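Undergrad: Okay, so here is work.cif, and as you'll see once you scroll down, it has mmCIF, C-alpha atoms (C1' of nucleotides).
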data_upload
#
loop_
_atom_site.label_atom_id
_atom_site.label_comp_id
_atom_site.auth_asym_id
_atom_site.auth_seq_id
_atom_site.Cartn_x
_atom_site.Cartn_y
_atom_site.Cartn_z
CA MET A 298 -66.41 12.51 72.55
CA GLY A 299 -67.16 8.91 73.39
CA LEU A 300 -66.59 6.26 70.79
CA GLY A 301 -68.17 3.71 73.02
CA SER A 302 -71.38 2.94 71.16
CA ASN A 303 -71.80 4.55 67.81
CA GLN A 304 -74.87 2.87 66.46
CA ARG A 305 -75.52 4.49 63.14
CA THR A 306 -79.11 3.38 62.84
CA SER A 307 -78.07 0.41 60.74
CA GLN A 308 -81.17 -0.83 59.04
CA ARG A 309 -79.65 -3.34 56.66
CA THR A 310 -82.07 -5.92 55.34
CA SER A 311 -79.51 -8.59 55.99
CA GLN A 312 -80.24 -11.89 54.38
CA ARG A 313 -78.53 -15.15 53.59
CA PRO A 314 -77.62 -17.11 56.74
CA GLY A 315 -80.38 -19.01 58.46
CA GLY A 316 -82.38 -16.40 60.24
CA THR A 317 -82.81 -12.68 60.56
CA PRO A 318 -80.62 -10.27 62.49
CA GLY A 319 -81.41 -10.21 66.14
CA ASN A 320 -81.20 -13.98 66.05
CA GLY A 321 -77.61 -13.61 67.16
CA TRP A 322 -75.68 -13.38 63.93
CA THR A 323 -74.32 -10.31 62.19
CA GLY A 324 -73.05 -9.71 58.69
CA ILE A 325 -69.99 -7.72 57.84
CA GLY A 326 -71.93 -4.73 56.55
CA GLU A 327 -73.96 -4.35 59.70
CA LEU A 328 -70.91 -4.69 61.86
CA ALA A 329 -69.11 -2.08 59.81
CA ASP A 330 -71.99 0.33 60.26
CA GLU A 331 -72.20 -0.38 63.95
CA PHE A 332 -68.58 0.47 64.56
CA GLY A 333 -68.20 3.15 61.95
CA LEU A 334 -65.75 1.12 59.91
CA THR A 335 -65.73 -0.14 56.33
CA PRO A 336 -66.14 -3.83 55.51
CA ARG A 337 -62.69 -3.65 53.98
CA THR A 338 -61.27 -2.61 57.33
CA ILE A 339 -62.94 -5.49 59.12
CA ARG A 340 -61.64 -7.97 56.55
CA PHE A 341 -58.25 -6.41 56.97
CA TYR A 342 -58.37 -7.05 60.69
CA GLU A 343 -59.28 -10.65 59.95
CA ASP A 344 -56.34 -10.92 57.56
CA LYS A 345 -54.11 -9.70 60.36
CA GLY A 346 -55.48 -12.34 62.67
CA LEU A 347 -57.44 -10.00 64.95
CA LEU A 348 -60.78 -11.56 64.14
CA THR A 349 -61.81 -15.07 63.15
CA PRO A 350 -65.51 -15.00 62.43
CA ALA A 351 -67.47 -18.11 61.54
CA ARG A 352 -68.68 -18.78 58.01
CA GLU A 353 -72.08 -19.67 56.76
CA ASN A 354 -72.49 -20.19 53.04
CA ASN A 355 -69.06 -18.70 52.54
CA GLN A 356 -70.05 -15.51 54.27
CA ARG A 357 -68.70 -14.10 57.46
CA VAL A 358 -70.95 -14.37 60.45
CA TYR A 359 -69.99 -12.47 63.57
CA SER A 360 -70.88 -13.66 67.03
CA HIS A 361 -71.24 -11.61 70.16
CA ARG A 362 -67.64 -12.48 71.07
CA ASP A 363 -66.48 -11.13 67.75
CA ARG A 364 -68.32 -7.90 68.36
CA VAL A 365 -66.68 -7.58 71.76
CA ARG A 366 -63.29 -8.16 70.21
CA LEU A 367 -63.91 -5.55 67.56
CA GLY A 368 -64.86 -3.15 70.32
CA LEU A 369 -61.54 -3.82 72.01
CA ILE A 370 -59.76 -3.26 68.72
CA CYS A 371 -61.39 0.13 68.26
CA ARG A 372 -60.61 1.09 71.82
CA GLY A 373 -57.00 0.05 71.40
CA LYS A 374 -56.70 2.01 68.19
CA ARG A 375 -58.19 5.07 69.82
CA LEU A 376 -55.52 4.81 72.49
CA GLY A 377 -52.87 4.69 69.81
CA PHE A 378 -51.82 1.06 69.99
CA THR A 379 -50.71 -0.66 66.82
CA LEU A 380 -52.68 -3.54 65.37
CA THR A 381 -49.80 -5.81 66.28
CA GLU A 382 -50.02 -4.86 69.94
CA ILE A 383 -53.76 -5.22 69.89
CA LYS A 384 -53.35 -8.67 68.40
CA GLU A 385 -51.09 -9.72 71.26
CA PHE A 386 -53.57 -8.32 73.72
CA LEU A 387 -56.43 -10.24 72.15
CA LYS A 388 -54.39 -13.41 72.19
CA LEU A 389 -54.23 -13.09 75.96
CA TYR A 390 -57.90 -12.26 76.01
CA GLU A 391 -58.48 -15.70 74.54
CA ALA A 392 -56.16 -17.76 76.66
CA ASP A 393 -56.05 -15.98 79.97
CA ASP A 394 -58.88 -16.88 82.26
CA ASN A 395 -58.18 -14.68 85.21
CA ARG A 396 -56.95 -11.86 82.99
CA ILE A 397 -53.75 -11.55 84.96
CA GLU A 398 -51.36 -11.86 82.03
CA GLN A 399 -53.56 -9.57 80.04
CA MET A 400 -53.34 -6.94 82.73
CA ARG A 401 -49.58 -7.28 82.95
CA PHE A 402 -49.37 -6.82 79.21
CA LEU A 403 -51.56 -3.80 79.48
CA LEU A 404 -49.39 -2.36 82.22
CA HIS A 405 -46.19 -2.82 80.25
CA HIS A 406 -47.36 -1.47 76.94
CA GLY A 407 -49.62 1.10 78.51
CA ARG A 408 -46.72 2.64 80.38
CA GLU A 409 -44.62 2.68 77.24
CA ARG A 410 -47.41 4.38 75.39
CA ILE A 411 -47.84 6.90 78.18
CA ALA A 412 -44.16 7.78 78.07
CA ALA A 413 -44.31 8.19 74.30
CA LEU A 414 -47.39 10.37 74.55
CA GLU A 415 -45.85 12.54 77.25
CA SER A 416 -42.84 13.07 75.06
CA GLN A 417 -45.06 13.84 72.12
CA TRP A 418 -47.03 16.22 74.28
CA ARG A 419 -43.92 18.18 75.14
CA ASP A 420 -42.83 18.26 71.51
CA VAL A 421 -46.17 19.55 70.37
CA GLU A 422 -46.17 22.18 73.07
CA GLU A 423 -42.72 23.42 72.13
CA THR A 424 -43.47 23.43 68.42
CA LEU A 425 -46.64 25.32 69.18
CA HIS A 426 -44.72 27.98 71.07
CA ASP A 427 -42.20 28.40 68.27
CA LEU A 428 -44.90 28.49 65.66
CA ARG A 429 -46.93 31.09 67.52
CA ASP A 430 -43.85 33.27 67.83
CA LEU A 431 -43.13 32.87 64.16
CA VAL A 432 -46.67 33.73 63.12
CA ALA A 433 -46.72 36.69 65.46
CA ALA A 434 -43.52 37.96 63.88
CA ALA A 435 -45.01 37.49 60.43
CA GLU A 436 -48.13 39.40 61.50
CA GLU A 437 -45.95 42.20 62.79
CA TYR A 438 -44.03 42.27 59.53
CA VAL A 439 -47.11 42.35 57.36
CA ARG A 440 -48.60 45.11 59.51
CA ARG A 441 -45.48 47.24 59.21
CA VAL A 442 -45.17 46.77 55.48
CA THR A 443 -48.81 47.19 54.45
CA ARG A 444 -49.35 50.30 56.63
CA PRO A 445 -46.14 52.33 56.35
CA MET B 296 -32.65 21.45 72.66
CA GLY B 297 -31.59 23.91 69.99
CA LEU B 298 -31.23 22.66 66.48
CA GLY B 299 -29.98 26.01 65.35
CA SER B 300 -26.31 25.33 64.70
CA ASN B 301 -25.24 21.74 64.98
CA GLN B 302 -21.75 21.84 63.62
CA ARG B 303 -20.42 18.37 64.15
CA THR B 304 -16.75 19.27 63.84
CA SER B 305 -16.80 18.24 60.19
CA GLN B 306 -13.20 17.80 59.19
CA ARG B 307 -13.68 16.32 55.75
CA THR B 308 -10.65 16.68 53.53
CA SER B 309 -12.91 17.72 50.70
CA GLN B 310 -11.26 17.63 47.33
CA ARG B 311 -12.21 17.81 43.66
CA PRO B 312 -13.61 21.23 42.70
CA GLY B 313 -11.16 24.02 42.11
CA GLY B 314 -10.17 25.13 45.57
CA THR B 315 -10.40 24.14 49.19
CA PRO B 316 -13.36 24.53 51.52
CA GLY B 317 -13.58 27.96 53.02
CA ASN B 318 -13.26 29.30 49.49
CA GLY B 319 -17.03 29.43 49.40
CA TRP B 320 -18.04 26.03 48.11
CA THR B 321 -19.29 23.02 50.03
CA GLY B 322 -19.64 19.36 49.13
CA ILE B 323 -22.63 17.26 49.96
CA GLY B 324 -20.87 15.34 52.71
CA GLU B 325 -19.81 18.43 54.58
CA LEU B 326 -23.26 19.92 54.27
CA ALA B 327 -24.81 16.73 55.55
CA ASP B 328 -22.54 16.78 58.59
CA GLU B 329 -23.23 20.43 59.22
CA PHE B 330 -26.97 19.95 59.33
CA GLY B 331 -27.03 16.49 60.82
CA LEU B 332 -28.53 14.95 57.70
CA THR B 333 -27.42 12.20 55.37
CA PRO B 334 -26.29 12.91 51.81
CA ARG B 335 -29.19 10.81 50.66
CA THR B 336 -31.58 13.17 52.40
CA ILE B 337 -30.03 16.20 50.74
CA ARG B 338 -30.22 14.56 47.33
CA PHE B 339 -33.81 13.69 48.09
CA TYR B 340 -34.58 17.35 48.77
CA GLU B 341 -32.98 18.19 45.45
CA ASP B 342 -35.12 15.56 43.74
CA LYS B 343 -38.17 17.22 45.24
CA GLY B 344 -37.06 20.58 43.92
CA LEU B 345 -36.16 22.13 47.26
CA LEU B 346 -32.51 22.63 46.34
CA THR B 347 -30.74 23.24 43.06
CA PRO B 348 -27.03 23.28 43.76
CA ALA B 349 -24.48 24.03 41.09
CA ARG B 350 -22.31 21.32 39.58
CA GLU B 351 -18.61 21.20 39.13
CA ASN B 352 -17.14 18.14 37.50
CA ASN B 353 -20.50 16.48 37.86
CA GLN B 354 -20.48 16.97 41.62
CA ARG B 355 -22.82 19.06 43.68
CA VAL B 356 -21.41 22.31 44.95
CA TYR B 357 -23.43 24.23 47.51
CA SER B 358 -23.31 27.98 47.78
CA HIS B 359 -24.13 30.10 50.78
CA ARG B 360 -27.65 30.58 49.45
CA ASP B 361 -28.08 26.82 49.29
CA ARG B 362 -26.97 26.52 52.88
CA VAL B 363 -29.47 29.14 53.93
CA ARG B 364 -32.21 27.31 52.07
CA LEU B 365 -31.30 24.05 53.71
CA GLY B 366 -31.48 25.82 57.05
CA LEU B 367 -35.00 26.97 56.23
CA ILE B 368 -35.92 23.43 55.22
CA CYS B 369 -34.74 22.05 58.55
CA ARG B 370 -36.56 24.75 60.44
CA GLY B 371 -39.73 24.07 58.50
CA LYS B 372 -39.48 20.38 59.16
CA ARG B 373 -38.92 20.95 62.83
CA LEU B 374 -42.14 22.94 62.87
CA GLY B 375 -43.95 20.06 61.23
CA PHE B 376 -44.47 21.40 57.74
CA THR B 377 -44.45 18.99 54.85
CA LEU B 378 -41.77 19.16 52.20
CA THR B 379 -44.42 20.30 49.75
CA GLU B 380 -45.30 23.28 51.89
CA ILE B 381 -41.66 24.07 52.41
CA LYS B 382 -41.14 23.97 48.68
CA GLU B 383 -43.88 26.53 48.15
CA PHE B 384 -42.37 28.70 50.82
CA LEU B 385 -38.95 28.54 49.22
CA LYS B 386 -40.43 29.41 45.86
CA LEU B 387 -41.60 32.67 47.38
CA TYR B 388 -38.23 33.10 49.02
CA GLU B 389 -36.78 33.18 45.53
CA ALA B 390 -39.23 35.47 43.83
CA ASP B 391 -40.45 37.75 46.56
CA ASP B 392 -38.18 40.66 47.20
CA ASN B 393 -39.91 42.37 50.04
CA ARG B 394 -40.95 39.04 51.56
CA ILE B 395 -44.55 40.14 51.81
CA GLU B 396 -46.05 37.20 49.95
CA GLN B 397 -43.77 34.89 51.86
CA MET B 398 -45.04 36.28 55.13
CA ARG B 399 -48.63 35.94 54.02
CA PHE B 400 -47.97 32.34 53.10
CA LEU B 401 -46.39 31.81 56.46
CA LEU B 402 -49.39 33.35 58.20
CA HIS B 403 -51.86 31.20 56.36
CA HIS B 404 -50.12 27.87 56.71
CA GLY B 405 -48.75 28.69 60.13
CA ARG B 406 -52.23 29.28 61.45
CA GLU B 407 -53.46 26.06 59.90
CA ARG B 408 -50.58 24.22 61.49
CA ILE B 409 -51.28 25.83 64.85
CA ALA B 410 -54.90 24.77 64.70
CA ALA B 411 -53.87 21.22 63.81
CA LEU B 412 -51.35 21.12 66.61
CA GLU B 413 -53.85 22.44 69.14
CA SER B 414 -56.26 19.74 68.10
CA GLN B 415 -53.53 17.15 68.32
CA TRP B 416 -52.57 18.53 71.70
CA ARG B 417 -56.08 18.01 73.01
CA ASP B 418 -56.23 14.52 71.54
CA VAL B 419 -52.98 13.53 73.15
CA GLU B 420 -54.10 14.95 76.46
CA GLU B 421 -57.36 13.05 76.38
CA THR B 422 -55.74 9.82 75.29
CA LEU B 423 -53.23 10.27 78.06
CA HIS B 424 -55.98 10.63 80.63
CA ASP B 425 -57.78 7.55 79.40
CA LEU B 426 -54.60 5.57 79.26
CA ARG B 427 -53.56 6.56 82.76
CA ASP B 428 -56.95 5.52 84.07
CA LEU B 429 -56.68 2.23 82.25
CA VAL B 430 -53.21 1.52 83.56
CA ALA B 431 -54.24 2.49 87.07
CA ALA B 432 -57.14 0.07 86.87
CA ALA B 433 -54.81 -2.66 85.65
CA GLU B 434 -52.42 -1.94 88.52
CA GLU B 435 -55.30 -2.17 90.92
CA TYR B 436 -56.36 -5.47 89.41
CA VAL B 437 -52.90 -6.98 89.52
CA ARG B 438 -52.47 -5.86 93.11
CA ARG B 439 -55.76 -7.43 94.19
CA VAL B 440 -55.08 -10.69 92.42
CA THR B 441 -51.45 -11.21 93.36
CA ARG B 442 -51.98 -10.35 97.05
CA PRO B 443 -55.29 -11.92 98.04
"C1'" DA C 65 -0.76 -1.24 40.98
"C1'" DC C 66 -4.12 -1.36 44.38
"C1'" DC C 67 -7.24 -0.10 47.75
"C1'" DC C 68 -10.22 3.02 50.01
"C1'" DC C 69 -13.17 6.81 50.22
"C1'" DA C 70 -16.53 9.98 48.40
"C1'" DG C 71 -19.52 10.89 44.94
"C1'" DC C 72 -22.92 9.72 41.17
"C1'" DT C 73 -27.46 7.47 39.34
"C1'" DT C 74 -31.34 4.34 39.21
"C1'" DA C 75 -34.44 1.74 41.36
"C1'" DC C 76 -36.72 -0.92 44.66
"C1'" DC C 77 -37.95 -1.39 50.00
"C1'" DT C 78 -39.84 0.27 54.34
"C1'" DT C 79 -43.95 1.35 57.80
"C1'" DG C 80 -49.27 1.34 58.92
"C1'" DA C 81 -53.60 0.98 57.84
"C1'" DC C 82 -56.21 0.51 54.83
"C1'" DG C 83 -58.35 2.12 49.52
"C1'" DT C 84 -59.43 0.63 45.10
"C1'" DA C 85 -60.04 -2.10 41.22
"C1'" DA C 86 -61.10 -6.44 38.94
"C1'" DA C 87 -63.93 -10.33 38.48
"C1'" DG C 88 -67.35 -13.12 40.10
"C1'" DG C 89 -71.67 -15.28 42.93
"C1'" DG C 90 -76.18 -15.35 44.86
"C1'" DA C 91 -80.55 -13.54 46.56
"C1'" DA C 92 -84.41 -10.25 46.49
"C1'" DG C 93 -87.52 -7.10 44.18
"C1'" DC C 94 -89.97 -5.55 39.90
"C1'" DG D 208 -85.41 -12.20 33.19
"C1'" DC D 209 -83.19 -8.25 34.61
"C1'" DT D 210 -81.32 -5.07 37.69
"C1'" DT D 211 -79.55 -4.00 42.09
"C1'" DC D 212 -77.21 -4.98 46.36
"C1'" DC D 213 -74.38 -7.25 49.09
"C1'" DC D 214 -71.01 -10.50 49.47
"C1'" DT D 215 -66.54 -13.01 48.09
"C1'" DT D 216 -61.29 -13.19 46.64
"C1'" DT D 217 -56.74 -11.52 44.99
"C1'" DA D 218 -53.72 -8.09 44.23
"C1'" DC D 219 -51.79 -3.74 43.52
"C1'" DG D 220 -51.85 1.46 44.94
"C1'" DT D 221 -51.46 5.15 48.45
"C1'" DC D 222 -48.89 8.62 51.54
"C1'" DA D 223 -44.14 10.66 53.62
"C1'" DA D 224 -39.66 10.79 53.97
"C1'" DG D 225 -36.27 8.86 53.19
"C1'" DG D 226 -33.23 3.84 53.60
"C1'" DT D 227 -30.69 0.52 51.13
"C1'" DA D 228 -28.49 -1.74 47.48
"C1'" DA D 229 -26.22 -2.19 43.03
"C1'" DG D 230 -23.01 -0.68 39.94
"C1'" DC D 231 -19.98 2.91 38.23
"C1'" DT D 232 -16.40 6.86 38.43
"C1'" DG D 233 -12.42 9.31 39.93
"C1'" DG D 234 -8.79 11.08 43.18
"C1'" DG D 235 -5.39 10.34 46.92
"C1'" DG D 236 -2.31 7.69 49.63
"C1'" DT D 237 0.88 3.74 50.17
#
Output the file's structure in the form of structure tokens.

TA:
Amino acid sequence: MGLGSNQRTSQRTSQRPGGTPGNGWTGIGELADEFGLTPRTIRFYEDKGLLTPARENNQRVYSHRDRVRLGLICRGKRLGFTLTEIKEFLKLYEADDNRIEQMRFLLHHGRERIAALESQWRDVEETLHDLRDLVAAAEEYVRRVTRP
Amino acid sequence: MGLGSNQRTSQRTSQRPGGTPGNGWTGIGELADEFGLTPRTIRFYEDKGLLTPARENNQRVYSHRDRVRLGLICRGKRLGFTLTEIKEFLKLYEADDNRIEQMRFLLHHGRERIAALESQWRDVEETLHDLRDLVAAAEEYVRRVTRP
DNA sequence: ACCCCAGCTTACCTTGACGTAAAGGGAAGC
DNA sequence: GCTTCCCTTTACGTCAAGGTAAGCTGGGGT
């Protein structure tokens, strides 16, 4: 169940900017395939200020740094953070050399998230109990009625 | 944590229709208080076809049946069903005398819901693990850096 | 007479994370 | 030259369950 590296055998014949893939640059389509996203999604992240790829001939060109950032975005999303939180986190990722502020941020919001998830966990568990009881009662009812 | 009967000591001096409360009718405000909802929410349910209260002098008047239905709506919501599903359920509640179709419906959708919740339960658990690890690592990092 | 409260309707706003459509450009392959 | 892909931008649509506001009505109390 790891979302770490989902290479989807992307064999795009990427053209345009000066060179071929493997020379360090990446187009939006490739990147989308790599991470299992749509180009629209990646542009959306850029709109929201989570990514700022370079341009060559008016097309987005993604560096290694960009790819790392997108990986962090996916990881954050998987852990249930909002894009806004992830943006804050990435801001620190830019500016914070020794990562200390970034870790503090992570601690704060991570603990919040954990509390929320624990609460959600309890809710789901309780709902599940109630629902199982309800369905069991319905089964009982149907059994009684269909076989008198 | 019971949501069964949340009477909030509603002491509205309800007027207008021919009689006083206790004579069998209920205004939207009272009902809202009784169930811990807003009038807007109750009107919204009516819009969606979940309730069809009578009118007296152009005002909504809720019968005992309506109150029962609203109770079912709240229960359904608490169990995580959508208003659309609840509407279907209530349709059967109207037409199905021996409740057999209603119970079948409940079985079908209840089982679906249970499966979804179990999946969600696992997701939350896994995310929680990952997040705890991450936060622990961040704690470790902060500790190392702030006390050299 | 006046104000306040409760109710009514219609209609747009909210949140999050995109989807979808419209309209166009440029390069590669046949 | 034509088609086909991929890329670009802007802008509106989606889903759920209501919130919020505007503007009106009508009864009760002072």

Undergrad: What residues come out when you apply the PyMOL selection byres ((chain A) within 9 of (chain D)) to this file, written as a list in words?

TA: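 Output of the PyMOL selection byres ((chain A) within 9 of (chain D)): Ser311, Ile325, Gly326, Asn355 and Gln356 of chain A.
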
Undergrad: Go ahead and dump the residues you just picked, C-alpha atoms, as a PDB file, in the coordinates of the input.

TA:
ATOM      1  CA  SER A 311     -79.510  -8.590  55.990  1.00  0.00           C
ATOM      2  CA  ILE A 325     -69.990  -7.720  57.840  1.00  0.00           C
ATOM      3  CA  GLY A 326     -71.930  -4.730  56.550  1.00  0.00           C
ATOM      4  CA  ASN A 355     -69.060 -18.700  52.540  1.00  0.00           C
ATOM      5  CA  GLN A 356     -70.050 -15.510  54.270  1.00  0.00           C
TER       6      GLN A 356
END

Undergrad: Counting only C-alpha atoms, which residues from chain A have an atom at most 12 Å from any atom of chain B, and could you show them as JSON, numbers by chain?

TA: {"A": [298, 299, 372, 373, 374, 375, 376, 377, 378, 395, 396, 397, 398, 399, 400, 401, 402, 403, 404, 405, 406, 407, 408, 409, 410, 411, 412, 413, 414, 415, 416, 417, 418, 419, 420, 421, 422, 423, 424, 425, 426, 427, 428, 429, 430, 431, 432, 433, 434, 435, 436, 437, 438, 439, 440, 441, 442, 443]}

Undergrad: Taking the file above as input, evaluate the PyMOL selection byres ((chain B and resi 383-388) around 9) and report the hits as number ranges by chain.

TA: B: 345, 364, 367-368, 378-382, 389-392, 394, 396-397, 400-401

Undergrad: Would you output that residue set with C-alpha atoms, as a short mmCIF file (atom, residue, chain, number, x, y, z; two decimals), in the frame of the given file?

TA:
data_model
loop_
_atom_site.label_atom_id
_atom_site.label_comp_id
_atom_site.auth_asym_id
_atom_site.auth_seq_id
_atom_site.Cartn_x
_atom_site.Cartn_y
_atom_site.Cartn_z
CA LEU B 345 -36.16 22.13 47.26
CA ARG B 364 -32.21 27.31 52.07
CA LEU B 367 -35.00 26.97 56.23
CA ILE B 368 -35.92 23.43 55.22
CA LEU B 378 -41.77 19.16 52.20
CA THR B 379 -44.42 20.30 49.75
CA GLU B 380 -45.30 23.28 51.89
CA ILE B 381 -41.66 24.07 52.41
CA LYS B 382 -41.14 23.97 48.68
CA GLU B 389 -36.78 33.18 45.53
CA ALA B 390 -39.23 35.47 43.83
CA ASP B 391 -40.45 37.75 46.56
CA ASP B 392 -38.18 40.66 47.20
CA ARG B 394 -40.95 39.04 51.56
CA GLU B 396 -46.05 37.20 49.95
CA GLN B 397 -43.77 34.89 51.86
CA PHE B 400 -47.97 32.34 53.10
CA LEU B 401 -46.39 31.81 56.46
#

Undergrad: Could you tell me which residues of chain C sit within 10 Å of chain B when counting all atoms listed in the file, and give me the result as an mmCIF file with C-alpha atoms (C1' of nucleotides), in the frame of the given file?

TA:
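Resulting contents of selection32.cif:
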data_model
loop_
_atom_site.group_PDB
_atom_site.id
_atom_site.type_symbol
_atom_site.label_atom_id
_atom_site.label_comp_id
_atom_site.auth_asym_id
_atom_site.auth_seq_id
_atom_site.Cartn_x
_atom_site.Cartn_y
_atom_site.Cartn_z
ATOM 1 C "C1'" DA C 70 -16.530 9.980 48.400
ATOM 2 C "C1'" DG C 71 -19.520 10.890 44.940
ATOM 3 C "C1'" DC C 72 -22.920 9.720 41.170
#

Undergrad: What does the structure give for the distance between atom CA of Glu329 of chain B and atom CA of Thr347 of chain B, in Å to one decimal?

TA: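 Between atom CA of Glu329 of chain B and atom CA of Thr347 of chain B the gap works out to 18.0 Å.
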
Undergrad: To one decimal place in Å, what is the distance between atom CA of Leu348 of chain A and atom CA of Asp363 of chain A?

TA: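 We find that atom CA of Leu348 of chain A and atom CA of Asp363 of chain A lie 6.8 Å from each other.
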
Undergrad: What does the distance from atom C1' of DA81 of chain C to atom CA of Lys343 of chain B come to in Å, to one decimal?

TA: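 Value for the atom C1' of DA81 of chain C-atom CA of Lys343 of chain B distance: 25.7 Å.
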
Undergrad: Any chance you could turn segment 373-379 of chain A into a file with all heavy atoms, as a PDB file, in the first residue's frame?

TA:
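Once everything was written out, this is result_12.pdb:
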ATOM      1  N   GLY A 373       1.664  14.598   1.858  1.00  0.00           N
ATOM      2  CA  GLY A 373       0.821  15.391   2.745  1.00  0.00           C
ATOM      3  C   GLY A 373      -0.651  15.099   2.520  1.00  0.00           C
ATOM      4  O   GLY A 373      -1.415  14.938   3.467  1.00  0.00           O
ATOM      5  N   LYS A 374      -1.030  15.003   1.268  1.00  0.00           N
ATOM      6  CA  LYS A 374      -2.426  14.726   0.964  1.00  0.00           C
ATOM      7  C   LYS A 374      -2.826  13.360   1.505  1.00  0.00           C
ATOM      8  O   LYS A 374      -3.905  13.193   2.061  1.00  0.00           O
ATOM      9  CB  LYS A 374      -2.638  14.752  -0.542  1.00  0.00           C
ATOM     10  CG  LYS A 374      -2.678  16.144  -1.104  1.00  0.00           C
ATOM     11  CD  LYS A 374      -3.567  16.162  -2.325  1.00  0.00           C
ATOM     12  CE  LYS A 374      -4.897  15.532  -2.004  1.00  0.00           C
ATOM     13  NZ  LYS A 374      -5.789  15.432  -3.151  1.00  0.00           N
ATOM     14  N   ARG A 375      -1.940  12.391   1.331  1.00  0.00           N
ATOM     15  CA  ARG A 375      -2.239  11.049   1.807  1.00  0.00           C
ATOM     16  C   ARG A 375      -2.455  11.052   3.315  1.00  0.00           C
ATOM     17  O   ARG A 375      -3.225  10.272   3.855  1.00  0.00           O
ATOM     18  CB  ARG A 375      -1.090  10.114   1.439  1.00  0.00           C
ATOM     19  CG  ARG A 375      -1.467   8.650   1.364  1.00  0.00           C
ATOM     20  CD  ARG A 375      -0.341   7.833   0.761  1.00  0.00           C
ATOM     21  NE  ARG A 375       0.927   8.135   1.407  1.00  0.00           N
ATOM     22  CZ  ARG A 375       1.319   7.608   2.572  1.00  0.00           C
ATOM     23  NH1 ARG A 375       0.533   6.778   3.211  1.00  0.00           N
ATOM     24  NH2 ARG A 375       2.490   7.931   3.070  1.00  0.00           N
ATOM     25  N   LEU A 376      -1.756  11.929   4.009  1.00  0.00           N
ATOM     26  CA  LEU A 376      -1.898  12.020   5.454  1.00  0.00           C
ATOM     27  C   LEU A 376      -3.060  12.926   5.845  1.00  0.00           C
ATOM     28  O   LEU A 376      -3.280  13.190   7.024  1.00  0.00           O
ATOM     29  CB  LEU A 376      -0.595  12.525   6.071  1.00  0.00           C
ATOM     30  CG  LEU A 376       0.576  11.548   5.922  1.00  0.00           C
ATOM     31  CD1 LEU A 376       1.850  12.162   6.456  1.00  0.00           C
ATOM     32  CD2 LEU A 376       0.275  10.240   6.627  1.00  0.00           C
ATOM     33  N   GLY A 377      -3.769  13.438   4.868  1.00  0.00           N
ATOM     34  CA  GLY A 377      -4.991  14.161   5.160  1.00  0.00           C
ATOM     35  C   GLY A 377      -4.812  15.646   5.415  1.00  0.00           C
ATOM     36  O   GLY A 377      -5.726  16.302   5.913  1.00  0.00           O
ATOM     37  N   PHE A 378      -3.653  16.196   5.091  1.00  0.00           N
ATOM     38  CA  PHE A 378      -3.489  17.635   5.248  1.00  0.00           C
ATOM     39  C   PHE A 378      -4.159  18.364   4.094  1.00  0.00           C
ATOM     40  O   PHE A 378      -4.279  17.825   2.994  1.00  0.00           O
ATOM     41  CB  PHE A 378      -2.009  17.996   5.312  1.00  0.00           C
ATOM     42  CG  PHE A 378      -1.334  17.527   6.559  1.00  0.00           C
ATOM     43  CD1 PHE A 378      -0.505  16.409   6.546  1.00  0.00           C
ATOM     44  CD2 PHE A 378      -1.536  18.184   7.768  1.00  0.00           C
ATOM     45  CE1 PHE A 378       0.108  15.957   7.703  1.00  0.00           C
ATOM     46  CE2 PHE A 378      -0.926  17.749   8.926  1.00  0.00           C
ATOM     47  CZ  PHE A 378      -0.098  16.629   8.895  1.00  0.00           C
ATOM     48  N   THR A 379      -4.569  19.595   4.354  1.00  0.00           N
ATOM     49  CA  THR A 379      -5.163  20.381   3.280  1.00  0.00           C
ATOM     50  C   THR A 379      -4.053  20.990   2.435  1.00  0.00           C
ATOM     51  O   THR A 379      -2.904  21.101   2.873  1.00  0.00           O
ATOM     52  CB  THR A 379      -6.018  21.525   3.834  1.00  0.00           C
ATOM     53  OG1 THR A 379      -5.157  22.490   4.423  1.00  0.00           O
ATOM     54  CG2 THR A 379      -6.983  21.023   4.890  1.00  0.00           C
TER      55      THR A 379
END
